[in-house]
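*Asks:* File name entry25.cif; file contents mmCIF, C-alpha atoms; full text below.
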data_work
#
loop_
_atom_site.label_atom_id
_atom_site.label_comp_id
_atom_site.auth_asym_id
_atom_site.auth_seq_id
_atom_site.Cartn_x
_atom_site.Cartn_y
_atom_site.Cartn_z
CA MET G 1 -11.58 8.60 185.57
CA GLU G 2 -8.13 10.12 185.10
CA SER G 3 -6.98 7.38 182.74
CA VAL G 4 -9.94 8.05 180.46
CA ILE G 5 -9.09 11.71 179.96
CA LEU G 6 -5.31 11.48 179.74
CA ASP G 7 -5.16 8.29 177.73
CA PRO G 8 -2.55 9.00 175.04
CA GLU G 9 -4.64 7.12 172.53
CA ALA G 10 -7.56 9.48 173.05
CA LEU G 11 -5.31 12.54 172.98
CA ASN G 12 -3.96 11.38 169.61
CA LEU G 13 -7.44 11.22 168.20
CA ILE G 14 -8.43 14.57 169.68
CA GLY G 15 -5.33 16.08 168.07
CA ALA G 16 -6.28 14.58 164.74
CA GLY G 17 -9.74 16.08 165.07
CA LEU G 18 -8.27 19.51 165.79
CA VAL G 19 -6.11 19.27 162.68
CA VAL G 20 -9.15 18.48 160.59
CA ILE G 21 -11.07 21.39 162.13
CA GLY G 22 -8.17 23.70 161.32
CA ALA G 23 -7.96 22.54 157.72
CA GLY G 24 -11.72 22.83 157.35
CA ILE G 25 -11.79 26.38 158.67
CA GLY G 26 -8.86 27.38 156.47
CA ILE G 27 -10.29 25.99 153.27
CA GLY G 28 -13.72 27.34 154.13
CA ARG G 29 -12.37 30.85 154.47
CA ILE G 30 -10.48 30.55 151.20
CA GLY G 31 -13.65 29.39 149.48
CA GLY G 32 -15.63 32.20 151.04
CA SER G 33 -13.28 34.96 149.96
CA ALA G 34 -13.06 33.39 146.52
CA MET G 35 -16.83 33.60 146.26
CA ASP G 36 -16.76 37.25 147.32
CA ALA G 37 -14.09 38.03 144.75
CA ILE G 38 -15.99 36.30 141.97
CA ALA G 39 -19.13 38.21 142.94
CA ARG G 40 -17.27 41.48 142.66
CA GLN G 41 -15.66 40.70 139.33
CA PRO G 42 -17.22 37.81 137.47
CA GLU G 43 -14.84 38.06 134.52
CA ALA G 44 -11.86 37.09 136.71
CA TYR G 45 -13.46 33.76 137.52
CA GLY G 46 -10.69 31.65 135.95
CA LYS G 47 -7.80 33.24 137.80
CA ILE G 48 -9.62 33.28 141.11
CA GLN G 49 -10.55 29.64 140.78
CA THR G 50 -6.95 28.69 140.03
CA ALA G 51 -5.66 30.60 143.04
CA MET G 52 -8.34 29.11 145.26
CA LEU G 53 -7.49 25.55 144.24
CA ILE G 54 -3.80 26.12 144.83
CA ALA G 55 -4.37 27.51 148.31
CA ALA G 56 -6.82 24.74 149.14
CA ALA G 57 -4.39 22.03 148.07
CA LEU G 58 -1.61 23.53 150.15
CA ILE G 59 -3.81 23.70 153.25
CA GLU G 60 -5.03 20.19 152.66
CA GLY G 61 -1.42 19.07 152.55
CA ILE G 62 -1.05 20.21 156.13
CA GLY G 63 -4.34 18.60 157.05
CA PHE G 64 -2.95 15.20 156.25
CA ALA G 65 -0.65 15.53 159.21
CA ALA G 66 -3.71 14.25 161.05
CA LEU G 67 -3.04 10.84 159.60
CA PHE G 68 0.22 10.61 161.52
CA ALA G 69 -1.61 11.04 164.78
CA VAL G 70 -3.81 8.04 164.26
CA MET R 1 27.42 18.36 119.02
CA GLN R 2 27.44 14.61 118.84
CA SER R 3 28.88 14.17 122.34
CA LYS R 4 26.36 16.66 123.73
CA LEU R 5 23.58 14.51 122.36
CA VAL R 6 25.12 11.41 123.86
CA ILE R 7 25.47 13.09 127.22
CA ARG R 8 21.85 14.21 127.14
CA PHE R 9 20.70 10.75 126.19
CA LEU R 10 22.70 9.16 128.99
CA THR R 11 21.30 11.68 131.47
CA VAL R 12 17.78 10.83 130.42
CA LEU R 13 18.50 7.14 130.74
CA LEU R 14 20.01 7.63 134.18
CA PHE R 15 17.00 9.69 135.17
CA PHE R 16 14.58 6.94 134.32
CA PHE R 17 16.66 4.16 135.81
CA SER R 18 17.23 6.07 139.01
CA PHE R 19 13.52 6.07 139.50
CA GLY R 20 13.57 2.36 139.03
CA LEU R 21 16.22 1.87 141.70
CA ILE R 22 14.68 4.09 144.33
CA ALA R 23 11.07 3.36 143.67
CA GLN R 24 10.45 0.17 145.62
CA ASP R 25 8.60 0.62 148.83
CA HIS R 26 10.15 -1.26 151.72
CA SER R 27 7.78 0.07 154.31
CA ASN R 28 5.72 -2.45 156.14
CA LYS R 29 3.71 -0.04 158.16
CA GLU R 30 -0.02 -0.40 157.97
CA PRO R 31 -1.39 3.03 157.24
CA LEU R 32 -4.92 2.17 158.16
CA VAL R 33 -6.47 2.76 161.50
CA SER R 34 -5.92 -0.55 163.18
CA HIS R 35 -7.22 0.08 166.66
CA GLU R 36 -10.66 -1.19 166.04
CA LYS R 37 -12.66 -2.27 169.05
CA HIS R 38 -15.76 -3.22 167.20
CA GLU R 39 -18.15 -5.93 168.14
CA GLY R 40 -19.63 -7.87 165.35
CA THR R 41 -20.53 -11.33 164.37
CA PRO R 42 -17.58 -13.57 163.55
CA GLU R 43 -18.41 -13.39 159.85
CA GLN R 44 -18.45 -9.63 160.06
CA ILE R 45 -15.13 -9.49 161.84
CA SER R 46 -13.48 -11.79 159.36
CA LEU R 47 -15.03 -9.82 156.49
CA LYS R 48 -13.53 -6.65 157.90
CA ALA R 49 -10.22 -8.38 158.35
CA LYS R 50 -10.35 -9.55 154.76
CA ILE R 51 -11.19 -6.06 153.56
CA LYS R 52 -8.32 -4.58 155.53
CA GLU R 53 -5.97 -7.16 154.17
CA SER R 54 -6.95 -6.48 150.60
CA ILE R 55 -6.66 -2.73 151.15
CA ASN R 56 -3.18 -3.22 152.54
CA HIS R 57 -2.29 -5.38 149.61
CA HIS R 58 -3.40 -2.61 147.30
CA LEU R 59 -1.45 0.07 149.11
CA LEU R 60 1.84 -1.76 149.46
CA ASP R 61 4.29 -2.71 146.79
CA SER R 62 4.77 -6.34 145.91
CA HIS R 63 7.19 -8.52 144.02
CA ASP R 64 4.55 -9.94 141.73
CA PHE R 65 1.72 -8.36 139.81
CA ILE R 66 -1.54 -9.91 140.93
CA PHE R 67 -4.66 -8.62 139.24
CA PHE R 68 -7.10 -10.42 141.47
CA SER R 69 -7.18 -13.56 143.49
CA ASP R 70 -9.85 -16.00 144.41
CA SER R 71 -9.88 -16.43 148.15
CA GLU R 72 -11.81 -19.67 148.02
CA THR R 73 -9.59 -21.58 145.65
CA GLY R 74 -6.53 -19.58 146.61
CA LYS R 75 -5.63 -18.97 143.02
CA HIS R 76 -3.97 -15.73 142.05
CA TYR R 77 -4.33 -14.27 138.57
CA GLY R 78 -1.34 -12.27 137.55
CA PHE R 79 2.29 -12.63 136.67
CA SER R 80 5.53 -12.76 138.57
CA LEU R 81 8.20 -10.16 138.31
CA PRO R 82 11.95 -10.63 138.38
CA VAL R 83 13.70 -10.42 141.71
CA ILE R 84 17.15 -8.88 141.54
CA LEU R 85 19.14 -9.09 144.73
CA TRP R 86 22.65 -8.15 145.66
CA ASP R 87 23.60 -10.48 148.44
CA GLN R 88 26.65 -9.27 150.33
CA GLU R 89 28.19 -12.73 150.39
CA ALA R 90 26.87 -14.46 147.34
CA GLY R 91 26.74 -11.66 144.79
CA LEU R 92 24.05 -10.97 142.28
CA GLN R 93 20.97 -13.15 142.44
CA LEU R 94 18.41 -13.07 139.70
CA PHE R 95 15.26 -15.16 139.80
CA SER R 96 11.57 -14.95 139.26
CA SER R 97 9.35 -14.08 142.17
CA SER R 98 7.21 -17.10 141.40
CA LYS R 99 9.72 -18.95 143.53
CA PHE R 100 8.29 -17.14 146.51
CA HIS R 101 4.82 -18.51 145.77
CA TYR R 102 3.19 -15.29 146.91
CA GLY R 103 5.22 -15.05 150.05
CA GLU R 104 4.45 -18.50 151.33
CA GLU R 105 7.51 -20.45 150.41
CA VAL R 106 11.23 -20.07 150.60
CA ALA R 107 12.94 -19.29 147.33
CA GLU R 108 16.14 -21.07 146.55
CA ASN R 109 18.62 -19.75 144.07
CA ASN R 110 22.16 -21.05 143.63
CA GLY R 111 22.07 -22.58 147.06
CA ASN R 112 20.97 -19.42 148.83
CA TYR R 113 17.59 -19.25 150.44
CA TYR R 114 15.46 -16.13 150.56
CA THR R 115 12.09 -15.51 152.02
CA LEU R 116 9.59 -12.68 152.11
CA TYR R 117 8.68 -11.25 155.45
CA HIS R 118 6.33 -8.25 155.40
CA ASN R 119 7.17 -7.65 151.77
CA LYS R 120 10.91 -7.52 152.33
CA VAL R 121 13.38 -10.14 151.19
CA TYR R 122 15.56 -11.70 153.85
CA LYS R 123 18.28 -14.28 153.60
CA THR R 124 17.43 -17.40 155.47
CA ASP R 125 17.98 -21.16 155.51
CA ALA R 126 16.04 -23.96 153.89
CA GLU R 127 13.20 -23.90 156.40
CA GLY R 128 12.68 -20.17 156.16
CA THR R 129 13.28 -19.30 159.78
CA ILE R 130 13.02 -15.66 160.69
CA THR R 131 14.53 -14.69 164.01
CA LEU R 132 12.90 -11.65 165.54
CA ASP R 133 14.46 -9.40 168.10
CA ASP R 134 12.68 -7.60 170.91
CA HIS R 135 11.05 -5.03 168.68
CA HIS R 136 9.79 -7.72 166.29
CA HIS R 137 12.30 -6.76 163.67
CA PRO R 138 14.04 -9.58 161.89
CA THR R 139 17.70 -9.97 162.62
CA GLN R 140 18.61 -11.75 159.41
CA ALA R 141 20.78 -10.35 156.72
CA LYS R 142 18.83 -8.43 154.15
CA PRO R 143 20.25 -8.39 150.64
CA LEU R 144 20.05 -5.17 148.66
CA ASP R 145 16.84 -5.37 146.72
CA PHE R 146 16.92 -4.02 143.20
CA SER R 147 13.94 -6.05 142.03
CA ILE R 148 11.49 -4.96 139.46
CA THR R 149 8.47 -4.72 141.71
CA LYS R 150 4.95 -3.64 140.79
CA SER R 151 5.70 0.05 141.35
CA VAL R 152 8.92 -0.09 139.38
CA LEU R 153 7.15 -1.80 136.52
CA MET R 154 4.44 0.87 136.48
CA ILE R 155 7.06 3.60 136.49
CA LEU R 156 8.77 2.01 133.50
CA VAL R 157 5.43 1.60 131.74
CA THR R 158 4.61 5.25 132.38
CA GLY R 159 8.01 6.27 131.11
CA ILE R 160 7.55 4.32 127.90
CA LEU R 161 4.04 5.71 127.51
CA MET R 162 5.31 9.26 127.89
CA LEU R 163 8.14 8.61 125.45
CA LEU R 164 5.76 7.27 122.84
CA ALA R 165 3.24 10.06 123.32
CA PHE R 166 5.65 12.97 123.28
CA VAL R 167 8.15 11.71 120.73
CA GLY R 168 5.21 10.96 118.45
CA MET R 169 3.92 14.43 119.05
CA ALA R 170 7.29 16.00 118.30
CA LYS R 171 7.58 14.01 115.09
CA SER R 172 4.18 15.14 113.91
CA PHE R 173 5.45 18.72 113.95
CA LYS R 174 7.69 17.86 111.00
CA LYS R 175 4.67 17.62 108.78
CA GLY R 176 3.35 21.03 109.63
CA PRO R 177 2.70 23.48 112.42
CA ILE R 178 -0.52 21.84 113.55
CA VAL R 179 -0.28 18.73 115.70
CA THR R 180 -2.14 15.64 114.74
CA GLY R 181 -3.38 12.74 116.76
CA ALA R 182 -3.05 12.50 120.53
CA GLY R 183 -0.79 15.53 120.53
CA ARG R 184 -3.88 17.65 120.09
CA PHE R 185 -4.79 16.82 123.67
CA LEU R 186 -1.31 17.34 125.07
CA GLU R 187 -0.33 20.53 123.30
CA PRO R 188 -2.61 22.95 125.20
CA ILE R 189 -1.48 21.42 128.47
CA ILE R 190 2.17 21.90 127.58
CA LEU R 191 1.48 25.49 126.55
CA TYR R 192 -0.37 26.07 129.80
CA ILE R 193 2.58 24.80 131.80
CA ARG R 194 4.90 27.07 129.88
CA ASP R 195 2.75 30.20 129.96
CA GLU R 196 1.08 29.98 133.35
CA ILE R 197 3.52 28.02 135.47
CA ALA R 198 7.03 28.42 134.10
CA ILE R 199 7.17 31.95 132.74
CA PRO R 200 5.42 33.77 135.62
CA ASN R 201 7.57 32.03 138.19
CA ILE R 202 10.96 31.64 136.55
CA GLY R 203 10.89 34.49 134.09
CA GLU R 204 10.96 34.82 130.36
CA LYS R 205 14.72 34.49 129.97
CA LYS R 206 15.53 31.41 131.96
CA HIS R 207 12.45 29.24 131.90
CA GLY R 208 13.67 27.22 128.96
CA LYS R 209 16.23 25.35 131.01
CA TYR R 210 13.66 24.12 133.49
CA MET R 211 10.81 23.34 131.13
CA PRO R 212 11.87 19.73 130.40
CA TYR R 213 11.91 18.86 134.07
CA LEU R 214 8.62 20.62 134.79
CA LEU R 215 6.87 18.95 131.89
CA THR R 216 8.27 15.56 132.83
CA VAL R 217 7.31 15.80 136.46
CA PHE R 218 3.82 17.05 135.65
CA PHE R 219 2.94 14.27 133.26
CA PHE R 220 4.79 11.66 135.31
CA VAL R 221 2.86 12.45 138.49
CA TRP R 222 -0.40 12.87 136.63
CA PHE R 223 -0.21 9.58 134.75
CA LEU R 224 0.93 7.67 137.82
CA ASN R 225 -1.89 9.13 139.88
CA LEU R 226 -4.33 8.09 137.19
CA PHE R 227 -2.86 4.60 137.06
CA GLY R 228 -3.44 4.36 140.78
CA LEU R 229 -7.15 4.87 140.25
CA THR R 230 -7.49 2.03 137.75
CA PRO R 231 -8.46 -1.48 138.81
CA LEU R 232 -4.89 -2.59 138.22
CA GLY R 233 -4.27 -2.08 141.90
CA VAL R 234 -1.01 -0.17 141.69
CA ASN R 235 -0.11 2.57 144.10
CA VAL R 236 3.03 4.32 142.94
CA THR R 237 2.76 7.95 143.97
CA GLY R 238 1.17 6.93 147.24
CA ASN R 239 4.55 5.57 148.08
CA VAL R 240 6.82 7.78 150.11
CA THR R 241 9.96 6.56 148.34
CA VAL R 242 8.70 7.66 144.93
CA THR R 243 7.66 11.10 146.11
CA PHE R 244 10.93 11.35 148.01
CA ALA R 245 12.83 10.75 144.80
CA LEU R 246 10.85 13.45 142.99
CA ALA R 247 11.30 15.93 145.83
CA ILE R 248 15.03 15.22 146.01
CA ILE R 249 15.41 15.95 142.32
CA THR R 250 13.59 19.26 142.72
CA PHE R 251 15.79 20.03 145.70
CA ILE R 252 18.99 19.24 143.81
CA ILE R 253 17.96 21.34 140.84
CA THR R 254 17.13 24.35 143.03
CA GLN R 255 20.40 24.15 144.94
CA VAL R 256 22.53 23.65 141.86
CA SER R 257 20.91 26.52 140.01
CA GLY R 258 20.92 28.89 142.97
CA ASN R 259 22.80 32.04 142.20
CA ALA R 260 24.49 34.43 144.59
CA ASN R 261 21.29 36.40 145.09
CA TYR R 262 19.50 33.27 146.27
CA TRP R 263 22.09 32.38 148.89
CA LYS R 264 22.23 35.98 149.97
CA HIS R 265 18.51 35.94 150.60
CA ILE R 266 18.87 32.87 152.74
CA PHE R 267 21.83 33.76 154.88
CA TRP R 268 21.92 37.52 154.92
CA MET R 269 18.60 38.83 153.76
CA PRO R 270 18.95 42.36 152.40
CA GLY R 271 16.62 45.05 153.59
CA VAL R 272 16.11 43.95 157.20
CA PRO R 273 17.99 45.12 160.31
CA VAL R 274 20.97 43.07 161.43
CA PRO R 275 19.40 41.30 164.47
CA MET R 276 16.60 40.11 162.23
CA LYS R 277 19.11 38.87 159.72
CA ILE R 278 20.75 36.71 162.34
CA ILE R 279 17.40 35.30 163.43
CA LEU R 280 16.21 34.74 159.90
CA ALA R 281 19.25 32.82 158.67
CA PRO R 282 18.58 29.50 160.48
CA ILE R 283 14.88 29.76 159.72
CA GLU R 284 15.56 30.25 156.04
CA LEU R 285 18.06 27.41 156.08
CA LEU R 286 15.43 25.18 157.63
CA GLY R 287 13.02 26.34 154.97
CA VAL R 288 15.40 25.12 152.28
CA ILE R 289 15.01 21.60 153.64
CA ILE R 290 11.36 21.82 154.61
CA LYS R 291 10.03 23.00 151.25
CA PRO R 292 10.97 19.83 149.31
CA PHE R 293 10.00 17.78 152.36
CA ALA R 294 6.53 19.32 152.22
CA LEU R 295 6.39 18.54 148.50
CA MET R 296 7.06 14.91 149.29
CA ILE R 297 4.56 14.66 152.13
CA ARG R 298 1.83 16.55 150.31
CA LEU R 299 1.79 14.29 147.27
CA TYR R 300 2.25 11.12 149.31
CA ALA R 301 -0.44 11.89 151.86
CA ASN R 302 -2.99 13.11 149.33
CA ILE R 303 -2.71 10.06 147.12
CA MET R 304 -2.40 7.57 149.97
CA ALA R 305 -5.37 9.04 151.83
CA GLY R 306 -7.43 9.08 148.66
CA HIS R 307 -6.71 5.42 148.04
CA ILE R 308 -7.49 4.48 151.63
CA VAL R 309 -10.82 6.32 151.59
CA LEU R 310 -11.81 4.91 148.23
CA MET R 311 -10.86 1.34 149.10
CA SER R 312 -12.57 1.57 152.46
CA LEU R 313 -15.77 2.79 150.86
CA ILE R 314 -15.65 -0.01 148.31
CA GLY R 315 -15.10 -2.45 151.13
CA LEU R 316 -18.06 -0.89 152.94
CA ILE R 317 -20.27 -1.96 150.03
CA PHE R 318 -19.65 -5.52 151.06
CA VAL R 319 -20.21 -4.89 154.74
CA PHE R 320 -23.73 -3.67 154.10
CA GLN R 321 -25.54 -6.78 153.11
CA ASN R 322 -28.80 -5.12 152.06
CA TRP R 323 -29.81 -3.35 148.87
CA ILE R 324 -30.19 0.20 150.13
CA GLY R 325 -26.93 0.38 152.05
CA SER R 326 -24.86 -1.17 149.31
CA SER R 327 -26.28 0.95 146.52
CA LEU R 328 -25.92 4.20 148.46
CA THR R 329 -22.34 3.29 149.32
CA PHE R 330 -21.71 2.50 145.69
CA VAL R 331 -22.95 5.95 144.66
CA LEU R 332 -20.81 7.54 147.34
CA SER R 333 -17.69 5.68 146.27
CA PHE R 334 -18.36 6.65 142.66
CA ALA R 335 -18.56 10.30 143.68
CA ILE R 336 -15.36 9.98 145.73
CA SER R 337 -13.55 8.44 142.78
CA LEU R 338 -14.54 11.43 140.66
CA ILE R 339 -13.03 13.68 143.31
CA GLU R 340 -9.92 11.50 143.23
CA LEU R 341 -9.62 12.16 139.50
CA LEU R 342 -9.60 15.87 140.28
CA VAL R 343 -7.06 15.34 143.05
CA ALA R 344 -4.80 13.40 140.66
CA LEU R 345 -4.60 16.36 138.30
CA LEU R 346 -4.49 18.94 141.07
CA GLN R 347 -1.61 17.30 142.90
CA ALA R 348 0.42 17.03 139.71
CA TYR R 349 -0.29 20.72 139.06
CA ILE R 350 0.65 21.73 142.61
CA PHE R 351 3.90 19.77 142.50
CA THR R 352 4.87 21.32 139.19
CA MET R 353 3.87 24.82 140.26
CA LEU R 354 5.77 24.67 143.53
CA SER R 355 8.83 23.28 141.77
CA ALA R 356 8.65 26.18 139.31
CA LEU R 357 8.27 28.58 142.24
CA TYR R 358 11.38 27.24 143.94
CA PHE R 359 13.34 27.40 140.70
CA GLY R 360 12.17 30.98 140.32
CA PHE R 361 13.48 31.85 143.77
CA ALA R 362 16.80 30.26 142.92
CA VAL R 363 17.43 32.15 139.70
CA GLU R 364 15.88 35.47 140.61
CA GLU R 365 18.02 38.49 139.84
CA HIS R 366 18.28 41.27 142.35
CA ASP R 367 16.51 43.98 140.45
CA GLU R 368 13.36 42.04 139.68
CA ALA R 369 11.07 41.59 142.65
CA HIS R 370 12.26 44.02 145.28
#
With the file now loaded, output its structure as structure tokens.

*Replies:*
Amino acid sequence: MESVILDPEALNLIGAGLVVIGAGIGIGRIGGSAMDAIARQPEAYGKIQTAMLIAAALIEGIGFAALFAV
Amino acid sequence: MQSKLVIRFLTVLLFFFSFGLIAQDHSNKEPLVSHEKHEGTPEQISLKAKIKESINHHLLDSHDFIFFSDSETGKHYGFSLPVILWDQEAGLQLFSSSKFHYGEEVAENNGNYYTLYHNKVYKTDAEGTITLDDHHHPTQAKPLDFSITKSVLMILVTGILMLLAFVGMAKSFKKGPIVTGAGRFLEPIILYIRDEIAIPNIGEKKHGKYMPYLLTVFFFVWFLNLFGLTPLGVNVTGNVTVTFALAIITFIITQVSGNANYWKHIFWMPGVPVPMKIILAPIELLGVIIKPFALMIRLYANIMAGHIVLMSLIGLIFVFQNWIGSSLTFVLSFAISLIELLVALLQAYIFTMLSALYFGFAVEEHDEAH
């Protein structure tokens, strides 16, 4: 039983999953606050969308660290 | 004036050729998940192995440009590229990669024998023996490889394409203030880069010096990303050496153009108490290295992951042998390739914007932000 839990292979994959969860939560929050901002001020849609895409791309850049774990 | 023009021309030439020298990918790592423990019928397993092999062939660089190959007849449709080696003993070797016969045979040139092992050229003898050490790394001599590989060829093609497009556009301004032809598509993009990326980050006064580099890197990355999505099967920006070269150039430009205010902010940040200054200095110094490093990794990982996902989905079409599975997978891979088009543009934009941001930090005067 102990080799199943502490198998380094499995820990790698669990780490990769955590990274993906983190990236998902981060980008989800960015998207959510972008939606709120657009709802408040629909004429600023262009700027908000640009800022949202920039932040999402930066967070996604970290999310690809998951690939190194696999 | 004349010598200034010559110097600028030589710098541009050096810029393009430096890409050519650094751009080959000598990595032989397989980026795909390779720990599969699947059970399947023997045909299924060999189909998956074939799919993985063709995905790897797409992702890695190669010394010849194969468009597609027929696995039954073993015929490859494409053309061979020149191999340029600097052998430490025998000097410059120049031959066509058709001598390698797609990695199967030993190439002989002027009495020296070379063979391909995991996409790298090694010096060997007439039989093509490769001696491996304990870690399965070959112990042979490896000549310096300056070959024109697939990635290098695509970089040169992109460079020529950009030259034609933008020089043509510049020439059309002689006839009048309104651009004609393909410049009509490029002009708003160039103005966007100047007004939304360069001027807000670097400032009105100094952005002119950095505009050529920002424009070049934006269109370079964008066109290469787009080329990666075509059926040509090239993968240039998904290649850590290419993105490393781009990130190094951004790094060099920021350091060279850093003024006293920039270095002061790194080593002795004004406005914080002295213990904090001492703690912040190594962190800021690390940040100087990590920011271009993140530029490199971000572009590389995004493009590489996009290619892996897309190729895997296309391979999945062939794993499903029925109508419903294959057609749904086809629709999914079409949707993913549309997202990859967006990612191609977005990553070029992010790279350019972050480069402009770092340049802005480097040339910021003291009285501006704080």

*Asks:* In Å, how far is it from atom CA of Leu354 of chain R to atom CA of Gly61 of chain G?

*Replies:*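 These atoms are spaced 12.8 Å apart.
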
*Asks:* Got a sec to pull out which chain G residues are within 10 Å of chain R, counting all atoms listed in the file, and send them as an mmCIF file with C-alpha atoms, in the frame of the given file?

*Replies:*
data_model
loop_
_atom_site.group_PDB
_atom_site.id
_atom_site.type_symbol
_atom_site.label_atom_id
_atom_site.label_comp_id
_atom_site.auth_asym_id
_atom_site.auth_seq_id
_atom_site.Cartn_x
_atom_site.Cartn_y
_atom_site.Cartn_z
ATOM 1 C CA GLU G 9 -4.640 7.120 172.530
ATOM 2 C CA LEU G 53 -7.490 25.550 144.240
ATOM 3 C CA ILE G 54 -3.800 26.120 144.830
ATOM 4 C CA ALA G 55 -4.370 27.510 148.310
ATOM 5 C CA ALA G 57 -4.390 22.030 148.070
ATOM 6 C CA LEU G 58 -1.610 23.530 150.150
ATOM 7 C CA ILE G 59 -3.810 23.700 153.250
ATOM 8 C CA GLU G 60 -5.030 20.190 152.660
ATOM 9 C CA GLY G 61 -1.420 19.070 152.550
ATOM 10 C CA ILE G 62 -1.050 20.210 156.130
ATOM 11 C CA GLY G 63 -4.340 18.600 157.050
ATOM 12 C CA PHE G 64 -2.950 15.200 156.250
ATOM 13 C CA ALA G 65 -0.650 15.530 159.210
ATOM 14 C CA LEU G 67 -3.040 10.840 159.600
ATOM 15 C CA PHE G 68 0.220 10.610 161.520
ATOM 16 C CA VAL G 70 -3.810 8.040 164.260
#

*Asks:* Could you write out as a ChimeraX atom specification the residues that the PyMOL selection byres ((chain R and resi 209-222) around 8) matches in the shown file?

*Replies:* /R:158-159,162,190,193-194,198,206-208,223-226,237,246,344-345,347-349,351-352,355-356,359

*Asks:* Store the residues picked out above in a file with C-alpha atoms, as a PDB file, keeping the file's coordinate frame.

*Replies:*
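What landed in part.pdb:
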ATOM      1  CA  THR R 158       4.610   5.250 132.380  1.00  0.00           C
ATOM      2  CA  GLY R 159       8.010   6.270 131.110  1.00  0.00           C
ATOM      3  CA  MET R 162       5.310   9.260 127.890  1.00  0.00           C
ATOM      4  CA  ILE R 190       2.170  21.900 127.580  1.00  0.00           C
ATOM      5  CA  ILE R 193       2.580  24.800 131.800  1.00  0.00           C
ATOM      6  CA  ARG R 194       4.900  27.070 129.880  1.00  0.00           C
ATOM      7  CA  ALA R 198       7.030  28.420 134.100  1.00  0.00           C
ATOM      8  CA  LYS R 206      15.530  31.410 131.960  1.00  0.00           C
ATOM      9  CA  HIS R 207      12.450  29.240 131.900  1.00  0.00           C
ATOM     10  CA  GLY R 208      13.670  27.220 128.960  1.00  0.00           C
ATOM     11  CA  PHE R 223      -0.210   9.580 134.750  1.00  0.00           C
ATOM     12  CA  LEU R 224       0.930   7.670 137.820  1.00  0.00           C
ATOM     13  CA  ASN R 225      -1.890   9.130 139.880  1.00  0.00           C
ATOM     14  CA  LEU R 226      -4.330   8.090 137.190  1.00  0.00           C
ATOM     15  CA  THR R 237       2.760   7.950 143.970  1.00  0.00           C
ATOM     16  CA  LEU R 246      10.850  13.450 142.990  1.00  0.00           C
ATOM     17  CA  ALA R 344      -4.800  13.400 140.660  1.00  0.00           C
ATOM     18  CA  LEU R 345      -4.600  16.360 138.300  1.00  0.00           C
ATOM     19  CA  GLN R 347      -1.610  17.300 142.900  1.00  0.00           C
ATOM     20  CA  ALA R 348       0.420  17.030 139.710  1.00  0.00           C
ATOM     21  CA  TYR R 349      -0.290  20.720 139.060  1.00  0.00           C
ATOM     22  CA  PHE R 351       3.900  19.770 142.500  1.00  0.00           C
ATOM     23  CA  THR R 352       4.870  21.320 139.190  1.00  0.00           C
ATOM     24  CA  SER R 355       8.830  23.280 141.770  1.00  0.00           C
ATOM     25  CA  ALA R 356       8.650  26.180 139.310  1.00  0.00           C
ATOM     26  CA  PHE R 359      13.340  27.400 140.700  1.00  0.00           C
TER      27      PHE R 359
END

*Asks:* If we count all atoms listed in the file and set the cut-off at 12 Å, which residues sit around Gly360 of chain R, ignoring sequence neighbours fewer than 5 positions away in its own chain? Please answer as a ChimeraX atom specification.

*Replies:* /R:197-207,209-210,253-255,257-259,261-262,353-355,365,368-369

*Asks:* Step by step, work through what the PyMOL selection byres ((chain R and resi 282-290) around 10) selects in the shown file, and finish by giving those residues as a ChimeraX atom specification.

*Replies:* /R:248,251,254-255,263,265-269,277-281,291-296,358

*Asks:* Suppose a student applies the PyMOL selection byres ((chain R and resi 235) around 10) to this structure; what residues should they get, written as a list of chain:residue names?

*Replies:*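 On the file shown, the PyMOL selection byres ((chain R and resi 235) around 10) covers R:His57, R:His58, R:Leu59, R:Leu60, R:Asp61, R:Lys150, R:Ser151, R:Met154, R:Leu224, R:Asn225, R:Leu226, R:Phe227, R:Gly228, R:Leu229, R:Thr230, R:Leu232, R:Gly233, R:Val234, R:Val236, R:Thr237, R:Gly238, R:Asn239, R:Ile303, R:Met304, R:His307.
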
*Asks:* Given the selection you just returned, output its residues as a file containing C-alpha atoms, formatted as a short mmCIF file (atom, residue, chain, number, x, y, z; two decimals), in the frame of the given file.

*Replies:*
data_model
loop_
_atom_site.label_atom_id
_atom_site.label_comp_id
_atom_site.auth_asym_id
_atom_site.auth_seq_id
_atom_site.Cartn_x
_atom_site.Cartn_y
_atom_site.Cartn_z
CA HIS R 57 -2.29 -5.38 149.61
CA HIS R 58 -3.40 -2.61 147.30
CA LEU R 59 -1.45 0.07 149.11
CA LEU R 60 1.84 -1.76 149.46
CA ASP R 61 4.29 -2.71 146.79
CA LYS R 150 4.95 -3.64 140.79
CA SER R 151 5.70 0.05 141.35
CA MET R 154 4.44 0.87 136.48
CA LEU R 224 0.93 7.67 137.82
CA ASN R 225 -1.89 9.13 139.88
CA LEU R 226 -4.33 8.09 137.19
CA PHE R 227 -2.86 4.60 137.06
CA GLY R 228 -3.44 4.36 140.78
CA LEU R 229 -7.15 4.87 140.25
CA THR R 230 -7.49 2.03 137.75
CA LEU R 232 -4.89 -2.59 138.22
CA GLY R 233 -4.27 -2.08 141.90
CA VAL R 234 -1.01 -0.17 141.69
CA VAL R 236 3.03 4.32 142.94
CA THR R 237 2.76 7.95 143.97
CA GLY R 238 1.17 6.93 147.24
CA ASN R 239 4.55 5.57 148.08
CA ILE R 303 -2.71 10.06 147.12
CA MET R 304 -2.40 7.57 149.97
CA HIS R 307 -6.71 5.42 148.04
#
